[in-house]
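Visitor: Here you go, one structure.
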Amino acid sequence: MFSNNRKCEKDINVLLDEPLTSNSCTKLITELLKYVLYQKQQIPFTYDSLVHLQRKNKKMDRNISYIKTLSNSLTNVTDNLSSELLVKSIKVKEVIIIIGPTILSPKLQITLELPSIMLDSVDHLQCEHSSQKPLLNLMRSMLECTEFQDAMTLPLGPTNTFVMLQKSDSNSISNFFLPQPHYIPSIQTSQSFRIKLINNNKFNINCNCTNLVQVYRELGKSYENDSIIQCEEQSNEQTVQAPFKWYQSREIIKGFKYVR
């Protein structure tokens, strides 16, 4: 008789001392992706080391070609993810990082549950809302999770890495994150984690962003899209929120080994 070994997600709670902005959330997801790629041997060195190696080595070889492809893929994912989080009519609920041959056969699956409250990076400045503190909180929570660290040490050969979004978007047309209407997150893996970004109920939004943005505008900065944003906010208040659906990044990040 076969044993009934039920596989389930391991929750990792990350308490945030202040709400994320769309920019700091993008930064956090990107740094998590870089960390996991290195820890799971999908890239031979840390991402920053690879970028330094690319800049230092002007001669084009197989390694530099791999690094360039990786850099372009991560840039595309980051830029488009930032756009998704910034648009007011789009509500991103979860992001999944999948390492494995396909999205249906993951070797490692990390679900990032985004907080319900997120500040707009148009009105909130990076100098007032650094991504460093939430990133440190995330790293601390992952390091304190024994199961997560055990999963990071398990060897895994180069394969594919996918980025999935669960979002509410009234616009069904997407050029980068492609709809996957039949996708259901897999439970057929023992290496499945759910990182919950939780806003601290005691935090106060105590920043000087409103005054700073107003000063910039008075100094002649062009904000011609303000009226468009205001109209969009009014329109969103009158419309019913679109259902949450899964979307897959067009970019598939390919793992590689360093060729000596």
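By convention here, the chains of the structure tokens are called A, B, ... in the order presented, each chain's residues are numbered starting at 1, and ligands are numbered starting at 1 in the order presented.
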Pick out the residues sitting within 6 Å of A:Leu20, and hand them over as a PDB file with C-alpha atoms, in the first residue's frame; count only C-alpha atoms, and ignore anything fewer than 3 positions along from it in its own chain.
Guide:
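Result written to around-v6.pdb:
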```pdb
ATOM      1  CA  SER A  24       9.680  49.078  -3.235  1.00  0.00           C
ATOM      2  CA  CYS A  25       7.427  46.057  -3.819  1.00  0.00           C
ATOM      3  CA  MET A 118       0.230  49.590  -1.195  1.00  0.00           C
TER       4      MET A 118
END
```
Visitor: Residues at most 12 Å from A:Lys68, counting only C-alpha atoms, excluding those fewer than 3 positions away in the same chain, as a list in words?
Guide: Tyr47, Leu50, Val51, His52, Leu53, Gln54, Arg55, Asn57, Lys58, Met60, Asp61, Arg62, Asn63, Ile64, Ser65, Ser71, Asn72, Ser73, Leu74, Thr75, Ile253, Lys254 and Phe256 of chain A
Visitor: At what distance in Å, to one decimal, does atom CA of A:Gln39 lie from atom CA of A:Val92?
Guide: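 So the answer is 26.3 Å.
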Visitor: Env of A:Ile43: 10 Å cut, atoms = only C-alpha atoms, seq-sep filter 3 positions within chain, self excluded. Answer as a list of chain:residue names.
Guide: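 Everything that qualifies: A:Lys34, A:Tyr35, A:Val36, A:Leu37, A:Tyr38, A:Gln39, A:Lys40, A:Thr46, A:Tyr47, A:Leu50, A:Tyr66, A:Ile67, A:Leu70, A:Gly157, A:Pro158, A:Lys254, A:Gly255, A:Phe256, A:Lys257, A:Tyr258.
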Visitor: Tell me, as JSON, numbers by chain, which residues lie within 9 Å of A:Phe176, counting only C-alpha atoms; anything in the same chain fewer than 3 positions away does not count.
Guide: {"A": [76, 77, 80, 248, 249, 250, 251]}
Visitor: Take the selection from the previous step and output its residues with all heavy atoms, as a PDB file, in the first residue's frame.
Guide:
```pdb
ATOM      1  N   ASN A  76      13.405  42.911 -18.206  1.00  0.00           N
ATOM      2  CA  ASN A  76      12.058  42.891 -18.783  1.00  0.00           C
ATOM      3  C   ASN A  76      11.013  42.532 -17.734  1.00  0.00           C
ATOM      4  O   ASN A  76       9.935  43.153 -17.662  1.00  0.00           O
ATOM      5  CB  ASN A  76      11.997  41.896 -19.942  1.00  0.00           C
ATOM      6  CG  ASN A  76      12.686  42.408 -21.186  1.00  0.00           C
ATOM      7  OD1 ASN A  76      12.834  43.608 -21.384  1.00  0.00           O
ATOM      8  ND2 ASN A  76      13.133  41.493 -22.052  1.00  0.00           N
ATOM      9  N   VAL A  77      11.321  41.522 -16.907  1.00  0.00           N
ATOM     10  CA  VAL A  77      10.379  41.118 -15.860  1.00  0.00           C
ATOM     11  C   VAL A  77      10.173  42.259 -14.873  1.00  0.00           C
ATOM     12  O   VAL A  77       9.039  42.596 -14.507  1.00  0.00           O
ATOM     13  CB  VAL A  77      10.888  39.852 -15.132  1.00  0.00           C
ATOM     14  CG1 VAL A  77      10.044  39.585 -13.884  1.00  0.00           C
ATOM     15  CG2 VAL A  77      10.832  38.643 -16.055  1.00  0.00           C
ATOM     16  N   ASN A  80       8.213  45.362 -16.424  1.00  0.00           N
ATOM     17  CA  ASN A  80       6.787  45.087 -16.647  1.00  0.00           C
ATOM     18  C   ASN A  80       6.040  44.823 -15.343  1.00  0.00           C
ATOM     19  O   ASN A  80       4.859  45.189 -15.218  1.00  0.00           O
ATOM     20  CB  ASN A  80       6.634  43.900 -17.604  1.00  0.00           C
ATOM     21  CG  ASN A  80       6.916  44.267 -19.049  1.00  0.00           C
ATOM     22  OD1 ASN A  80       6.061  44.798 -19.747  1.00  0.00           O
ATOM     23  ND2 ASN A  80       8.127  43.994 -19.504  1.00  0.00           N
ATOM     24  N   GLN A 248       1.010  34.684 -17.005  1.00  0.00           N
ATOM     25  CA  GLN A 248       2.392  34.198 -17.031  1.00  0.00           C
ATOM     26  C   GLN A 248       3.298  35.171 -17.771  1.00  0.00           C
ATOM     27  O   GLN A 248       2.940  35.685 -18.835  1.00  0.00           O
ATOM     28  CB  GLN A 248       2.467  32.831 -17.721  1.00  0.00           C
ATOM     29  CG  GLN A 248       3.879  32.266 -17.826  1.00  0.00           C
ATOM     30  CD  GLN A 248       3.924  30.964 -18.602  1.00  0.00           C
ATOM     31  OE1 GLN A 248       2.936  30.237 -18.686  1.00  0.00           O
ATOM     32  NE2 GLN A 248       5.069  30.660 -19.182  1.00  0.00           N
ATOM     33  N   SER A 249       4.456  35.430 -17.184  1.00  0.00           N
ATOM     34  CA  SER A 249       5.438  36.298 -17.832  1.00  0.00           C
ATOM     35  C   SER A 249       5.878  35.707 -19.161  1.00  0.00           C
ATOM     36  O   SER A 249       6.099  34.499 -19.283  1.00  0.00           O
ATOM     37  CB  SER A 249       6.657  36.471 -16.923  1.00  0.00           C
ATOM     38  OG  SER A 249       7.743  37.013 -17.641  1.00  0.00           O
ATOM     39  N   ARG A 250       5.986  36.566 -20.175  1.00  0.00           N
ATOM     40  CA  ARG A 250       6.467  36.119 -21.481  1.00  0.00           C
ATOM     41  C   ARG A 250       7.924  35.656 -21.394  1.00  0.00           C
ATOM     42  O   ARG A 250       8.343  34.759 -22.119  1.00  0.00           O
ATOM     43  CB  ARG A 250       6.328  37.257 -22.502  1.00  0.00           C
ATOM     44  CG  ARG A 250       6.709  36.875 -23.917  1.00  0.00           C
ATOM     45  CD  ARG A 250       6.660  38.095 -24.828  1.00  0.00           C
ATOM     46  NE  ARG A 250       5.304  38.595 -25.003  1.00  0.00           N
ATOM     47  CZ  ARG A 250       4.462  38.122 -25.917  1.00  0.00           C
ATOM     48  NH1 ARG A 250       4.840  37.151 -26.724  1.00  0.00           N
ATOM     49  NH2 ARG A 250       3.255  38.632 -26.032  1.00  0.00           N
ATOM     50  N   GLU A 251       8.682  36.266 -20.494  1.00  0.00           N
ATOM     51  CA  GLU A 251      10.093  35.909 -20.317  1.00  0.00           C
ATOM     52  C   GLU A 251      10.215  34.654 -19.461  1.00  0.00           C
ATOM     53  O   GLU A 251       9.651  34.568 -18.372  1.00  0.00           O
ATOM     54  CB  GLU A 251      10.859  37.051 -19.645  1.00  0.00           C
ATOM     55  CG  GLU A 251      11.146  38.227 -20.547  1.00  0.00           C
ATOM     56  CD  GLU A 251      12.325  37.987 -21.485  1.00  0.00           C
ATOM     57  OE1 GLU A 251      12.956  36.920 -21.410  1.00  0.00           O
ATOM     58  OE2 GLU A 251      12.600  38.879 -22.302  1.00  0.00           O
TER      59      GLU A 251
END
```
Visitor: Choose the residue, out of A:Gln180, A:Thr102, A:Ser174, A:Gln191, that has the smallest atom-to-atom separation from A:Thr161; count only C-alpha atoms.
Guide: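 Of all the options, A:Thr102 lies closest to A:Thr161.
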Visitor: Set the distance at 9 Å and use only C-alpha atoms: which residues neighbour A:Ser141 once local chain neighbours fewer than 5 positions away are removed? I'd like the list as a list in words.
Guide: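 The filter keeps Ile12, Asn13, Val14, Leu15 and Leu136 of chain A.
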Visitor: Residues as selected, C-alpha atoms, written as a PDB file, in the first residue's frame, can you do that?
Guide:
```pdb
ATOM      1  CA  ILE A  12       6.490  32.402   5.997  1.00  0.00           C
ATOM      2  CA  ASN A  13       5.063  35.562   7.562  1.00  0.00           C
ATOM      3  CA  VAL A  14       6.892  38.853   6.948  1.00  0.00           C
ATOM      4  CA  LEU A  15       5.721  41.722   9.128  1.00  0.00           C
ATOM      5  CA  LEU A 136      15.786  42.995   5.486  1.00  0.00           C
TER       6      LEU A 136
END
```
Visitor: Show which residues sit within 9 Å of A:Phe148, as JSON, numbers by chain. Count only C-alpha atoms, and ignore same-chain residues fewer than 2 positions away.
Guide: {"A": [10, 12, 142, 143, 144, 145, 146, 150, 151, 152, 153, 191, 192, 193]}
Visitor: Return the single residue from A:Leu114, A:Ile195, A:Met139, A:Val95 that is closest to A:Gln166, with distances computed using only C-alpha atoms.
Guide: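 That would be A:Val95, the residue with the smallest distance to A:Gln166.
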Visitor: What is the atom CA of A:Ile90-atom CA of A:Phe177 distance in Å, reported with one decimal?
Guide: 12.5 Å
Visitor: So that I can check the secondary structure, give me every residue of stretch 7-87 of chain A assigned strand (DSSP E or B) by backbone DSSP, as a short mmCIF file (atom, residue, chain, number, x, y, z; two decimals) with C-alpha atoms, in the first residue's frame.
Guide:
```
data_model
loop_
_atom_site.label_atom_id
_atom_site.label_comp_id
_atom_site.auth_asym_id
_atom_site.auth_seq_id
_atom_site.Cartn_x
_atom_site.Cartn_y
_atom_site.Cartn_z
CA LYS A 10 4.93 26.20 4.28
CA ASP A 11 3.88 29.71 5.35
CA ILE A 12 6.49 32.40 6.00
CA ASN A 13 5.06 35.56 7.56
CA VAL A 14 6.89 38.85 6.95
CA LEU A 15 5.72 41.72 9.13
CA LEU A 16 6.12 45.12 7.46
CA THR A 21 5.17 51.48 -2.44
#
```
